[in-house]
file upload25.txt (compact mmCIF, C-alpha atoms (C1' of nucleotides))
# COMPACT_ATOMS: atom_id res chain seq x y z
CA MET A 1 -10.16 47.28 46.86
CA ALA A 2 -12.39 46.12 49.59
CA ALA A 3 -13.91 42.69 49.13
CA ARG A 4 -17.47 41.64 49.72
CA GLN A 5 -16.73 40.43 53.21
CA ASP A 6 -15.38 43.80 54.26
CA LEU A 7 -18.89 45.18 54.17
CA LEU A 8 -19.67 42.84 57.00
CA LYS A 9 -17.36 44.63 59.36
CA GLY A 10 -19.35 46.26 62.05
CA ASN A 11 -22.50 44.47 60.96
CA ILE A 12 -21.95 40.90 62.03
CA ASP A 13 -23.05 41.54 65.58
CA THR A 14 -26.21 43.28 64.45
CA LEU A 15 -26.95 40.53 61.96
CA LEU A 16 -26.60 37.87 64.64
CA LEU A 17 -28.68 39.78 67.18
CA SER A 18 -31.43 40.29 64.63
CA LEU A 19 -31.52 36.65 63.57
CA ILE A 20 -31.44 35.27 67.10
CA SER A 21 -34.03 37.78 68.31
CA GLN A 22 -36.47 36.03 66.00
CA GLN A 23 -35.77 32.61 67.49
CA PRO A 24 -33.04 30.98 69.65
CA MET A 25 -30.52 29.12 67.51
CA TYR A 26 -27.27 27.21 67.68
CA GLY A 27 -24.12 27.98 65.73
CA TYR A 28 -24.37 25.56 62.88
CA GLN A 29 -28.01 26.42 62.39
CA ILE A 30 -27.16 30.12 62.27
CA MET A 31 -24.74 29.53 59.42
CA ARG A 32 -27.39 27.70 57.44
CA GLU A 33 -30.11 30.24 58.22
CA LEU A 34 -27.98 33.21 57.19
CA ASP A 35 -27.05 31.44 53.98
CA GLY A 36 -30.62 30.41 53.21
CA ARG A 37 -32.41 33.61 54.14
CA SER A 38 -29.94 35.78 52.24
CA GLN A 39 -30.28 33.52 49.20
CA GLY A 40 -26.66 32.45 49.43
CA TYR A 41 -25.20 35.89 50.03
CA PHE A 42 -23.98 35.37 53.58
CA LYS A 43 -21.51 32.51 53.88
CA PHE A 44 -20.19 32.87 57.40
CA LYS A 45 -16.93 31.19 58.18
CA GLU A 46 -16.67 29.35 61.47
CA GLY A 47 -13.71 31.48 62.42
CA THR A 48 -16.01 34.47 62.11
CA LEU A 49 -19.15 33.08 63.67
CA TYR A 50 -18.00 31.35 66.82
CA PRO A 51 -15.77 34.13 68.13
CA ALA A 52 -18.61 36.57 67.42
CA LEU A 53 -21.09 34.47 69.43
CA HIS A 54 -18.62 34.27 72.32
CA ARG A 55 -18.08 38.00 72.15
CA LEU A 56 -21.82 38.68 72.27
CA GLU A 57 -22.36 36.28 75.13
CA LYS A 58 -19.51 37.80 77.08
CA ALA A 59 -21.05 41.23 76.54
CA GLY A 60 -24.35 39.96 77.95
CA LEU A 61 -26.30 40.39 74.72
CA LEU A 62 -26.78 36.67 74.15
CA GLN A 63 -27.26 33.84 76.60
CA GLY A 64 -25.99 30.44 75.52
CA ASN A 65 -26.80 27.09 77.01
CA TRP A 66 -25.89 23.54 76.09
CA ARG A 67 -28.49 21.00 75.11
CA THR A 68 -27.83 17.36 74.46
CA ILE A 69 -29.72 15.81 71.57
CA THR A 70 -29.99 12.15 70.64
CA SER A 71 -27.30 10.21 72.42
CA GLY A 72 -24.43 12.59 72.98
CA ARG A 73 -24.42 15.23 70.29
CA GLN A 74 -24.08 18.66 71.90
CA ARG A 75 -25.50 21.92 70.70
CA ARG A 76 -25.11 25.36 72.19
CA TYR A 77 -28.31 27.35 71.79
CA TYR A 78 -28.15 31.12 71.96
CA ALA A 79 -31.04 33.33 72.98
CA ILE A 80 -31.11 37.12 73.00
CA THR A 81 -31.18 38.88 76.37
CA GLU A 82 -33.09 41.99 77.34
CA LYS A 83 -29.90 43.97 77.03
CA GLY A 84 -29.38 42.40 73.63
CA ARG A 85 -32.80 43.61 72.48
CA ARG A 86 -32.04 47.14 73.57
CA ILE A 87 -28.73 47.10 71.72
CA LEU A 88 -30.40 45.61 68.66
CA VAL A 89 -32.79 48.55 68.47
CA GLU A 90 -29.88 50.97 68.74
CA GLN A 91 -27.84 49.14 66.15
CA THR A 92 -30.74 48.97 63.73
CA GLU A 93 -31.19 52.73 63.96
CA ARG A 94 -27.46 53.15 63.51
CA TRP A 95 -27.57 51.02 60.39
CA GLN A 96 -30.42 53.09 58.95
CA ASP A 97 -28.55 56.32 59.66
CA PHE A 98 -25.49 54.95 57.97
CA PHE A 99 -27.45 53.83 54.95
CA ALA A 100 -29.07 57.25 54.67
CA ALA A 101 -25.69 58.98 54.91
CA MET A 102 -24.21 56.72 52.24
CA ASN A 103 -27.06 57.53 49.90
CA LEU A 104 -26.59 61.24 50.44
CA ILE A 105 -23.13 60.84 48.96
CA PHE A 106 -24.09 58.38 46.25
CA ARG A 107 -27.14 60.33 45.13
CA PRO A 108 -26.63 63.91 46.22
CA GLN A 109 -29.83 65.91 46.49
CA LYS A 110 -28.83 69.23 45.02
CA PRO A 111 -31.40 71.93 45.81
CA GLU A 112 -31.34 73.28 42.25
CA THR A 113 -32.39 69.93 40.89
CA GLN A 114 -35.53 70.00 42.99
CA VAL A 115 -36.96 73.15 41.53
CA SER A 116 -40.67 72.81 40.92
CA LYS A 117 -41.42 72.13 37.27
CA MET B 1 -19.91 46.23 70.17
CA ALA B 2 -18.94 47.68 66.88
CA ALA B 3 -18.80 51.43 66.74
CA ARG B 4 -20.19 53.73 64.12
CA GLN B 5 -16.88 53.94 62.31
CA ASP B 6 -16.72 50.20 61.83
CA LEU B 7 -19.51 50.49 59.32
CA LEU B 8 -17.12 52.48 57.20
CA LYS B 9 -14.84 49.54 56.69
CA GLY B 10 -15.03 48.45 53.14
CA ASN B 11 -17.03 51.51 52.17
CA ILE B 12 -14.54 54.34 52.35
CA ASP B 13 -13.10 53.59 48.94
CA THR B 14 -16.53 53.49 47.34
CA LEU B 15 -17.55 56.67 49.11
CA LEU B 16 -14.46 58.49 47.84
CA LEU B 17 -14.81 57.19 44.29
CA SER B 18 -18.43 58.25 44.20
CA LEU B 19 -17.72 61.74 45.51
CA ILE B 20 -14.74 62.36 43.25
CA SER B 21 -16.56 60.94 40.21
CA GLN B 22 -18.91 63.89 40.51
CA GLN B 23 -16.08 66.43 40.49
CA PRO B 24 -12.29 66.43 41.05
CA MET B 25 -11.41 67.45 44.58
CA TYR B 26 -8.51 67.83 46.98
CA GLY B 27 -8.20 66.20 50.38
CA TYR B 28 -9.28 68.96 52.67
CA GLN B 29 -12.21 69.73 50.41
CA ILE B 30 -13.26 66.08 50.46
CA MET B 31 -13.43 66.11 54.24
CA ARG B 32 -15.67 69.16 54.19
CA GLU B 33 -17.86 67.84 51.39
CA LEU B 34 -18.43 64.49 53.07
CA ASP B 35 -19.30 66.24 56.29
CA GLY B 36 -21.62 68.72 54.62
CA ARG B 37 -23.39 66.40 52.22
CA SER B 38 -24.00 63.77 54.89
CA GLN B 39 -25.36 66.45 57.22
CA GLY B 40 -22.53 65.92 59.67
CA TYR B 41 -22.60 62.14 59.65
CA PHE B 42 -19.23 61.54 58.00
CA LYS B 43 -16.37 63.10 59.92
CA PHE B 44 -13.33 61.64 58.22
CA LYS B 45 -10.08 61.72 60.11
CA GLU B 46 -6.97 62.70 58.22
CA GLY B 47 -5.36 59.41 59.20
CA THR B 48 -8.22 57.72 57.39
CA LEU B 49 -8.57 59.96 54.37
CA TYR B 50 -5.04 60.51 53.15
CA PRO B 51 -3.91 56.88 53.24
CA ALA B 52 -7.14 55.98 51.42
CA LEU B 53 -6.46 58.51 48.67
CA HIS B 54 -2.91 57.21 48.30
CA ARG B 55 -4.21 53.65 48.15
CA LEU B 56 -6.71 54.52 45.43
CA GLU B 57 -4.14 56.41 43.40
CA LYS B 58 -1.68 53.56 43.67
CA ALA B 59 -4.40 51.20 42.46
CA GLY B 60 -4.98 53.43 39.43
CA LEU B 61 -8.53 54.39 40.38
CA LEU B 62 -7.70 58.01 41.09
CA GLN B 63 -5.21 60.34 39.47
CA GLY B 64 -3.77 63.07 41.67
CA ASN B 65 -1.91 66.18 40.62
CA TRP B 66 -0.52 69.14 42.49
CA ARG B 67 -1.77 72.63 41.89
CA THR B 68 -0.31 75.76 43.43
CA ILE B 69 -2.78 78.41 44.48
CA THR B 70 -2.11 81.98 45.59
CA SER B 71 1.55 82.31 46.50
CA GLY B 72 2.72 78.90 47.57
CA ARG B 73 -0.14 76.97 49.07
CA GLN B 74 -0.23 73.50 47.56
CA ARG B 75 -3.28 71.36 46.89
CA ARG B 76 -3.40 67.86 45.50
CA TYR B 77 -6.46 67.43 43.30
CA TYR B 78 -7.77 63.94 42.66
CA ALA B 79 -9.76 62.94 39.60
CA ILE B 80 -11.34 59.56 38.91
CA THR B 81 -9.82 57.44 36.14
CA GLU B 82 -11.61 55.25 33.63
CA LYS B 83 -10.66 52.23 35.68
CA GLY B 84 -11.98 54.02 38.73
CA ARG B 85 -15.34 54.50 37.04
CA ARG B 86 -15.60 50.83 36.19
CA ILE B 87 -14.79 49.86 39.75
CA LEU B 88 -17.28 52.38 41.07
CA VAL B 89 -20.06 50.74 39.09
CA GLU B 90 -19.08 47.34 40.45
CA GLN B 91 -18.85 48.58 44.00
CA THR B 92 -22.20 50.33 43.80
CA GLU B 93 -23.85 47.12 42.70
CA ARG B 94 -22.01 45.28 45.43
CA TRP B 95 -23.33 47.76 47.99
CA GLN B 96 -26.88 47.31 46.75
CA ASP B 97 -26.57 43.53 46.96
CA PHE B 98 -25.25 43.83 50.47
CA PHE B 99 -28.06 46.13 51.53
CA ALA B 100 -30.62 43.73 50.07
CA ALA B 101 -29.05 40.77 51.89
CA MET B 102 -29.00 42.66 55.19
CA ASN B 103 -32.66 43.48 54.84
CA LEU B 104 -33.51 39.85 54.14
CA ILE B 105 -32.18 39.06 57.61
CA PHE B 106 -33.62 42.12 59.34
CA ARG B 107 -37.05 41.82 57.75
CA PRO B 108 -37.45 38.23 56.65
CA GLN B 109 -40.03 37.78 53.90
CA LYS B 110 -41.91 34.73 55.02
CA PRO B 111 -44.10 33.36 52.23
CA GLU B 112 -47.13 33.07 54.52
CA THR B 113 -47.05 36.76 55.29
CA GLN B 114 -47.46 37.58 51.63
CA VAL B 115 -50.79 35.89 51.14
CA SER B 116 -53.10 37.99 49.03
CA LYS B 117 -55.65 39.86 51.13
C1' DA C 1 1.74 88.80 67.48
C1' DT C 2 -1.15 85.15 67.99
C1' DA C 3 -4.75 81.88 67.00
C1' DA C 4 -7.42 79.43 63.94
C1' DA C 5 -8.29 77.57 59.58
C1' DT C 6 -6.28 75.57 55.64
C1' DA C 7 -3.54 71.74 53.62
C1' DC C 8 -0.72 67.98 53.59
C1' DC C 9 1.60 63.71 55.71
C1' DT C 10 2.86 59.13 58.56
C1' DA C 11 3.98 55.60 62.36
C1' DG C 12 1.98 52.68 65.34
C1' DG C 13 -2.06 50.67 67.87
C1' DA C 14 -6.50 48.54 68.17
C1' DT C 15 -9.67 45.36 66.43
C1' DA C 16 -12.50 42.48 63.32
C1' DT C 17 -12.56 38.94 60.11
C1' DC C 18 -10.48 35.15 57.64
C1' DT C 19 -7.32 31.22 57.01
C1' DA C 20 -6.36 27.02 58.37
C1' DG C 21 -6.08 24.07 61.27
C1' DG C 22 -8.18 20.92 65.15
C1' DT C 23 -11.75 17.39 67.81
C1' DA C 24 -15.76 14.48 67.82
C1' DT C 25 -20.49 12.31 66.72
C1' DG C 26 -24.13 10.43 63.61
C1' DC C 27 -25.63 8.47 59.37
C1' DG C 28 -25.66 6.36 54.83
C1' DT C 29 -23.34 3.43 51.56
C1' DT C 30 -20.73 -0.24 50.05
C1' DA D 1 -17.00 -2.85 59.15
C1' DA D 2 -14.95 0.80 56.92
C1' DC D 3 -15.37 4.95 54.79
C1' DG D 4 -16.94 9.55 53.63
C1' DC D 5 -19.84 13.29 54.52
C1' DA D 6 -22.65 16.25 57.24
C1' DT D 7 -23.16 17.89 61.68
C1' DA D 8 -21.26 20.60 65.61
C1' DC D 9 -18.01 22.88 68.15
C1' DC D 10 -13.43 25.38 68.85
C1' DT D 11 -8.86 28.48 68.44
C1' DA D 12 -4.17 30.62 67.04
C1' DG D 13 -2.19 33.56 64.05
C1' DA D 14 -2.26 36.45 59.68
C1' DT D 15 -4.15 40.31 57.40
C1' DA D 16 -6.13 44.66 56.64
C1' DT D 17 -8.58 48.83 57.92
C1' DC D 18 -9.28 52.71 60.48
C1' DC D 19 -8.07 55.75 64.30
C1' DT D 20 -4.88 58.10 67.48
C1' DA D 21 -1.63 61.22 67.82
C1' DG D 22 1.72 63.25 66.32
C1' DG D 23 4.21 66.32 62.66
C1' DT D 24 5.20 70.55 58.97
C1' DA D 25 3.84 74.76 56.72
C1' DT D 26 0.91 78.68 54.78
C1' DT D 27 -2.94 82.03 54.98
C1' DT D 28 -6.25 84.85 57.30
C1' DA D 29 -8.51 87.05 61.14
C1' DT D 30 -8.15 89.23 65.66
call {"tool": "encode", "arguments": {"input": "upload25.txt", "output": "structure tokens"}}
result
Amino acid sequence: MAARQDLLKGNIDTLLLSLISQQPMYGYQIMRELDGRSQGYFKFKEGTLYPALHRLEKAGLLQGNWRTITSGRQRRYYAITEKGRRILVEQTERWQDFFAAMNLIFRPQKPETQVSK
Amino acid sequence: MAARQDLLKGNIDTLLLSLISQQPMYGYQIMRELDGRSQGYFKFKEGTLYPALHRLEKAGLLQGNWRTITSGRQRRYYAITEKGRRILVEQTERWQDFFAAMNLIFRPQKPETQVSK
DNA sequence: ATAAATACCTAGGATATCTAGGTATGCGTT
DNA sequence: AACGCATACCTAGATATCCTAGGTATTTAT
């Protein structure tokens, strides 16, 4: 059977766009934010996160830039682009449609059960 | 970016278990039911559906059996097993948890926005 | 007779995520 | 000063899921 992580498929990009749209962030921070905000549900692996960020930057949805903090430590901050915001809106609608469709199967609304009492 | 179908990953099995738990069905019927009940959202491909049914039967969550109708046409009807029902309950809870976690990222509940009016 | 719908099946390709490794800096403790 | 841990980034290859694109065969409508 599918594991918990499989539900992520197709949603990681949207999750990242949504989080970063609220505030620019760097990779390590994103992992902690997703963990914290989801109350421990989302535990992103580095092998999932970093390739996803690179993919989104390459697609022009995020813009990354290096910042040096303290005396040499490097961080790559990602900010959402205009294109990214447009895609985020689309993806959010797509997610809502999908959720609605899933619920139509899980909880079928049969006409005969909606007869007025 | 991820396509619509990617959202299916990890959910097809749950979708099938849920549908078949309501009534035993055969493959072709399942395709039409998913399409109809979801108002055209779910258009399962045969290359998706049949391997999934075989996977679920092999895992003991569905039980299939052949029935001959009219003069030779064969249909394979699938019914959910007891094990399948247990898994369905688990997967449904898992789906709800996932939905809740997604929404915590999409619509973060900041404490300061919940101040009493 | 022919086309379309019904009804099943599978091999191989594409792609996303995870596993499991790697490098390097900063900080706290002993 | 040495050590471990947290921070901070990265990638190659394995795995698994779904789709593409093909196939066979029967029934029904034109």
call {"tool": "residues_around", "arguments": {"input": "upload25.txt", "residues": "DC3 in chain D", "least_positions_apart": "4", "cutoff": "12 Å", "atoms": "all atoms listed in the file", "output": "list in words"}}
result
DC27, DG28, DT29 and DT30 of chain C
call {"tool": "closest_residue", "arguments": {"input": "upload25.txt", "among": "A:Ile30, A:Ala100, A:Leu16, A:Ile69", "to": "chain C", "atoms": "all atoms listed in the file"}}
result
A:Ile69
call {"tool": "calpha_fit_and_write", "arguments": {"input": "upload25.txt", "fixed": "chain A", "moving": "chain B", "output": "PDB file with C-alpha atoms, keeping the file's coordinate frame"}}
result
ATOM      1  CA  MET B   1      -9.884  47.270  46.961  1.00  0.00           C
ATOM      2  CA  ALA B   2     -12.095  46.140  49.735  1.00  0.00           C
ATOM      3  CA  ALA B   3     -13.649  42.750  49.291  1.00  0.00           C
ATOM      4  CA  ARG B   4     -17.213  41.715  49.851  1.00  0.00           C
ATOM      5  CA  GLN B   5     -16.479  40.476  53.344  1.00  0.00           C
ATOM      6  CA  ASP B   6     -15.162  43.840  54.436  1.00  0.00           C
ATOM      7  CA  LEU B   7     -18.684  45.161  54.318  1.00  0.00           C
ATOM      8  CA  LEU B   8     -19.459  42.762  57.113  1.00  0.00           C
ATOM      9  CA  LYS B   9     -17.187  44.542  59.515  1.00  0.00           C
ATOM     10  CA  GLY B  10     -19.240  46.207  62.130  1.00  0.00           C
ATOM     11  CA  ASN B  11     -22.383  44.459  60.962  1.00  0.00           C
ATOM     12  CA  ILE B  12     -21.897  40.870  62.024  1.00  0.00           C
ATOM     13  CA  ASP B  13     -22.993  41.536  65.576  1.00  0.00           C
ATOM     14  CA  THR B  14     -26.137  43.313  64.439  1.00  0.00           C
ATOM     15  CA  LEU B  15     -26.886  40.582  61.936  1.00  0.00           C
ATOM     16  CA  LEU B  16     -26.589  37.900  64.618  1.00  0.00           C
ATOM     17  CA  LEU B  17     -28.654  39.819  67.161  1.00  0.00           C
ATOM     18  CA  SER B  18     -31.378  40.375  64.612  1.00  0.00           C
ATOM     19  CA  LEU B  19     -31.500  36.734  63.550  1.00  0.00           C
ATOM     20  CA  ILE B  20     -31.440  35.342  67.076  1.00  0.00           C
ATOM     21  CA  SER B  21     -34.018  37.885  68.284  1.00  0.00           C
ATOM     22  CA  GLN B  22     -36.478  36.160  65.985  1.00  0.00           C
ATOM     23  CA  GLN B  23     -35.797  32.726  67.469  1.00  0.00           C
ATOM     24  CA  PRO B  24     -33.089  31.070  69.613  1.00  0.00           C
ATOM     25  CA  MET B  25     -30.596  29.187  67.488  1.00  0.00           C
ATOM     26  CA  TYR B  26     -27.355  27.240  67.645  1.00  0.00           C
ATOM     27  CA  GLY B  27     -24.208  27.986  65.682  1.00  0.00           C
ATOM     28  CA  TYR B  28     -24.472  25.566  62.836  1.00  0.00           C
ATOM     29  CA  GLN B  29     -28.110  26.472  62.362  1.00  0.00           C
ATOM     30  CA  ILE B  30     -27.218  30.162  62.243  1.00  0.00           C
ATOM     31  CA  MET B  31     -24.795  29.554  59.401  1.00  0.00           C
ATOM     32  CA  ARG B  32     -27.464  27.755  57.410  1.00  0.00           C
ATOM     33  CA  GLU B  33     -30.149  30.319  58.180  1.00  0.00           C
ATOM     34  CA  LEU B  34     -27.990  33.263  57.158  1.00  0.00           C
ATOM     35  CA  ASP B  35     -27.083  31.500  53.955  1.00  0.00           C
ATOM     36  CA  GLY B  36     -30.655  30.523  53.175  1.00  0.00           C
ATOM     37  CA  ARG B  37     -32.400  33.741  54.110  1.00  0.00           C
ATOM     38  CA  SER B  38     -29.898  35.886  52.225  1.00  0.00           C
ATOM     39  CA  GLN B  39     -30.273  33.646  49.175  1.00  0.00           C
ATOM     40  CA  GLY B  40     -26.667  32.534  49.403  1.00  0.00           C
ATOM     41  CA  TYR B  41     -25.166  35.949  50.016  1.00  0.00           C
ATOM     42  CA  PHE B  42     -23.954  35.384  53.572  1.00  0.00           C
ATOM     43  CA  LYS B  43     -21.547  32.480  53.846  1.00  0.00           C
ATOM     44  CA  PHE B  44     -20.217  32.828  57.364  1.00  0.00           C
ATOM     45  CA  LYS B  45     -16.980  31.094  58.174  1.00  0.00           C
ATOM     46  CA  GLU B  46     -16.741  29.262  61.459  1.00  0.00           C
ATOM     47  CA  GLY B  47     -13.735  31.376  62.397  1.00  0.00           C
ATOM     48  CA  THR B  48     -16.015  34.377  62.066  1.00  0.00           C
ATOM     49  CA  LEU B  49     -19.183  33.036  63.624  1.00  0.00           C
ATOM     50  CA  TYR B  50     -18.057  31.301  66.782  1.00  0.00           C
ATOM     51  CA  PRO B  51     -15.805  34.069  68.096  1.00  0.00           C
ATOM     52  CA  ALA B  52     -18.645  36.517  67.389  1.00  0.00           C
ATOM     53  CA  LEU B  53     -21.117  34.447  69.396  1.00  0.00           C
ATOM     54  CA  HIS B  54     -18.645  34.213  72.271  1.00  0.00           C
ATOM     55  CA  ARG B  55     -18.079  37.960  72.112  1.00  0.00           C
ATOM     56  CA  LEU B  56     -21.803  38.679  72.242  1.00  0.00           C
ATOM     57  CA  GLU B  57     -22.365  36.279  75.110  1.00  0.00           C
ATOM     58  CA  LYS B  58     -19.495  37.771  77.055  1.00  0.00           C
ATOM     59  CA  ALA B  59     -21.009  41.211  76.501  1.00  0.00           C
ATOM     60  CA  GLY B  60     -24.321  39.975  77.913  1.00  0.00           C
ATOM     61  CA  LEU B  61     -26.263  40.413  74.678  1.00  0.00           C
ATOM     62  CA  LEU B  62     -26.767  36.710  74.107  1.00  0.00           C
ATOM     63  CA  GLN B  63     -27.284  33.879  76.551  1.00  0.00           C
ATOM     64  CA  GLY B  64     -26.045  30.464  75.469  1.00  0.00           C
ATOM     65  CA  ASN B  65     -26.888  27.096  76.945  1.00  0.00           C
ATOM     66  CA  TRP B  66     -25.996  23.553  76.028  1.00  0.00           C
ATOM     67  CA  ARG B  67     -28.607  21.047  75.024  1.00  0.00           C
ATOM     68  CA  THR B  68     -27.964  17.380  74.363  1.00  0.00           C
ATOM     69  CA  ILE B  69     -29.871  15.844  71.493  1.00  0.00           C
ATOM     70  CA  THR B  70     -30.184  12.182  70.535  1.00  0.00           C
ATOM     71  CA  SER B  71     -27.457  10.223  72.285  1.00  0.00           C
ATOM     72  CA  GLY B  72     -24.612  12.610  72.882  1.00  0.00           C
ATOM     73  CA  ARG B  73     -24.569  15.256  70.208  1.00  0.00           C
ATOM     74  CA  GLN B  74     -24.208  18.658  71.827  1.00  0.00           C
ATOM     75  CA  ARG B  75     -25.653  21.944  70.624  1.00  0.00           C
ATOM     76  CA  ARG B  76     -25.218  25.365  72.142  1.00  0.00           C
ATOM     77  CA  TYR B  77     -28.402  27.388  71.742  1.00  0.00           C
ATOM     78  CA  TYR B  78     -28.200  31.161  71.918  1.00  0.00           C
ATOM     79  CA  ALA B  79     -31.068  33.402  72.954  1.00  0.00           C
ATOM     80  CA  ILE B  80     -31.111  37.196  72.965  1.00  0.00           C
ATOM     81  CA  THR B  81     -31.163  38.945  76.344  1.00  0.00           C
ATOM     82  CA  GLU B  82     -33.048  42.073  77.322  1.00  0.00           C
ATOM     83  CA  LYS B  83     -29.841  44.032  77.000  1.00  0.00           C
ATOM     84  CA  GLY B  84     -29.342  42.448  73.610  1.00  0.00           C
ATOM     85  CA  ARG B  85     -32.743  43.692  72.486  1.00  0.00           C
ATOM     86  CA  ARG B  86     -31.961  47.230  73.550  1.00  0.00           C
ATOM     87  CA  ILE B  87     -28.671  47.152  71.695  1.00  0.00           C
ATOM     88  CA  LEU B  88     -30.355  45.694  68.641  1.00  0.00           C
ATOM     89  CA  VAL B  89     -32.720  48.647  68.477  1.00  0.00           C
ATOM     90  CA  GLU B  90     -29.801  51.053  68.737  1.00  0.00           C
ATOM     91  CA  GLN B  91     -27.785  49.237  66.123  1.00  0.00           C
ATOM     92  CA  THR B  92     -30.702  49.084  63.716  1.00  0.00           C
ATOM     93  CA  GLU B  93     -31.134  52.825  63.946  1.00  0.00           C
ATOM     94  CA  ARG B  94     -27.409  53.244  63.531  1.00  0.00           C
ATOM     95  CA  TRP B  95     -27.523  51.127  60.376  1.00  0.00           C
ATOM     96  CA  GLN B  96     -30.355  53.204  58.959  1.00  0.00           C
ATOM     97  CA  ASP B  97     -28.465  56.424  59.661  1.00  0.00           C
ATOM     98  CA  PHE B  98     -25.418  55.008  57.969  1.00  0.00           C
ATOM     99  CA  PHE B  99     -27.382  53.923  54.924  1.00  0.00           C
ATOM    100  CA  ALA B 100     -28.949  57.376  54.664  1.00  0.00           C
ATOM    101  CA  ALA B 101     -25.540  59.066  54.914  1.00  0.00           C
ATOM    102  CA  MET B 102     -24.071  56.785  52.248  1.00  0.00           C
ATOM    103  CA  ASN B 103     -26.896  57.618  49.899  1.00  0.00           C
ATOM    104  CA  LEU B 104     -26.393  61.337  50.451  1.00  0.00           C
ATOM    105  CA  ILE B 105     -22.918  60.899  48.981  1.00  0.00           C
ATOM    106  CA  PHE B 106     -23.903  58.455  46.244  1.00  0.00           C
ATOM    107  CA  ARG B 107     -26.958  60.409  45.135  1.00  0.00           C
ATOM    108  CA  PRO B 108     -26.463  63.976  46.270  1.00  0.00           C
ATOM    109  CA  GLN B 109     -29.713  65.914  46.593  1.00  0.00           C
ATOM    110  CA  LYS B 110     -28.860  69.225  45.043  1.00  0.00           C
ATOM    111  CA  PRO B 111     -31.518  71.832  45.814  1.00  0.00           C
ATOM    112  CA  GLU B 112     -31.724  72.944  42.176  1.00  0.00           C
ATOM    113  CA  THR B 113     -32.678  69.476  41.046  1.00  0.00           C
ATOM    114  CA  GLN B 114     -35.728  69.541  43.267  1.00  0.00           C
ATOM    115  CA  VAL B 115     -37.409  72.509  41.669  1.00  0.00           C
ATOM    116  CA  SER B 116     -41.114  71.943  41.277  1.00  0.00           C
ATOM    117  CA  LYS B 117     -42.043  70.957  37.731  1.00  0.00           C
TER     118      LYS B 117
END
call {"tool": "interface_residues", "arguments": {"input": "upload25.txt", "of": "chain A", "to": "chain D", "cutoff": "10 Å", "atoms": "all atoms listed in the file", "output": "PyMOL selection string"}}
result
chain A and resi 2+6+9+26-29+46-47+50-51+73-76
call {"tool": "atom_distance", "arguments": {"input": "upload25.txt", "atom1": "CA of Thr14 in chain A", "atom2": "CA of Gly36 in chain A"}}
result
17.6 Å
call {"tool": "atom_distance", "arguments": {"input": "upload25.txt", "atom1": "C1' of DA16 in chain C", "atom2": "CA of Asp97 in chain A"}}
result
21.5 Å
call {"tool": "interface_residues", "arguments": {"input": "upload25.txt", "of": "chain C", "to": "chain B", "cutoff": "8 Å", "atoms": "only C-alpha atoms (C1' of nucleotides)", "output": "list in words"}}
result
DT6, DA7, DC8 and DC9 of chain C
call {"tool": "atom_distance", "arguments": {"input": "upload25.txt", "atom1": "CA of Gln23 in chain B", "atom2": "C1' of DA4 in chain C"}}
result
28.2 Å
call {"tool": "decode", "arguments": {"input": "upload25.txt", "residues": "range 16-24 of chain C", "atoms": "N, CA, C and O atoms (P, O5', C5', C4', C3', O3' and C1' of nucleotides)", "output": "short mmCIF file (atom, residue, chain, number, x, y, z; two decimals), in the first residue's frame"}}
result
data_model
loop_
_atom_site.label_atom_id
_atom_site.label_comp_id
_atom_site.auth_asym_id
_atom_site.auth_seq_id
_atom_site.Cartn_x
_atom_site.Cartn_y
_atom_site.Cartn_z
P DA C 16 8.81 15.17 -12.12
"O5'" DA C 16 8.29 14.91 -10.63
"C5'" DA C 16 7.20 14.04 -10.44
"C4'" DA C 16 7.30 13.36 -9.10
"C3'" DA C 16 8.03 14.15 -8.03
"O3'" DA C 16 7.33 13.97 -6.80
"C1'" DA C 16 9.14 12.08 -8.37
P DT C 17 7.60 14.93 -5.58
"O5'" DT C 17 8.37 13.98 -4.57
"C5'" DT C 17 7.69 12.84 -4.04
"C4'" DT C 17 8.68 11.83 -3.53
"C3'" DT C 17 9.61 12.33 -2.42
"O3'" DT C 17 9.19 11.73 -1.20
"C1'" DT C 17 10.73 10.94 -4.02
P DC C 18 10.01 11.89 0.15
"O5'" DC C 18 11.00 10.65 0.12
"C5'" DC C 18 10.46 9.34 -0.07
"C4'" DC C 18 11.60 8.32 -0.05
"C3'" DC C 18 12.54 8.46 1.14
"O3'" DC C 18 12.72 7.16 1.71
"C1'" DC C 18 13.78 8.54 -0.89
P DT C 19 13.61 6.98 3.04
"O5'" DT C 19 14.98 6.39 2.47
"C5'" DT C 19 14.93 5.35 1.50
"C4'" DT C 19 16.34 4.91 1.13
"C3'" DT C 19 17.34 4.92 2.30
"O3'" DT C 19 18.15 3.77 2.17
"C1'" DT C 19 18.12 6.34 0.56
P DA C 20 19.12 3.38 3.39
"O5'" DA C 20 20.49 4.06 2.95
"C5'" DA C 20 20.96 3.89 1.61
"C4'" DA C 20 22.12 4.81 1.38
"C3'" DA C 20 22.98 5.05 2.63
"O3'" DA C 20 24.34 4.84 2.31
"C1'" DA C 20 22.47 7.09 1.56
P DG C 21 25.39 4.61 3.50
"O5'" DG C 21 26.19 6.00 3.49
"C5'" DG C 21 27.32 6.05 2.71
"C4'" DG C 21 27.25 7.17 1.70
"C3'" DG C 21 28.11 8.37 2.05
"O3'" DG C 21 29.46 8.10 1.84
"C1'" DG C 21 26.09 9.03 1.00
P DG C 22 30.55 8.69 2.82
"O5'" DG C 22 30.71 10.18 2.27
"C5'" DG C 22 30.99 10.37 0.90
"C4'" DG C 22 30.73 11.81 0.52
"C3'" DG C 22 31.38 12.84 1.43
"O3'" DG C 22 32.72 13.07 1.03
"C1'" DG C 22 29.17 13.49 0.78
P DT C 23 33.72 13.84 2.01
"O5'" DT C 23 33.26 15.37 1.86
"C5'" DT C 23 33.33 16.02 0.59
"C4'" DT C 23 32.95 17.47 0.77
"C3'" DT C 23 33.78 18.17 1.84
"O3'" DT C 23 34.44 19.29 1.31
"C1'" DT C 23 31.43 18.50 2.22
P DA C 24 35.65 19.97 2.18
"O5'" DA C 24 34.87 21.01 3.11
"C5'" DA C 24 34.07 22.03 2.54
"C4'" DA C 24 33.31 22.74 3.61
"C3'" DA C 24 34.14 23.08 4.86
"O3'" DA C 24 34.28 24.49 4.92
"C1'" DA C 24 31.97 22.24 5.41
#
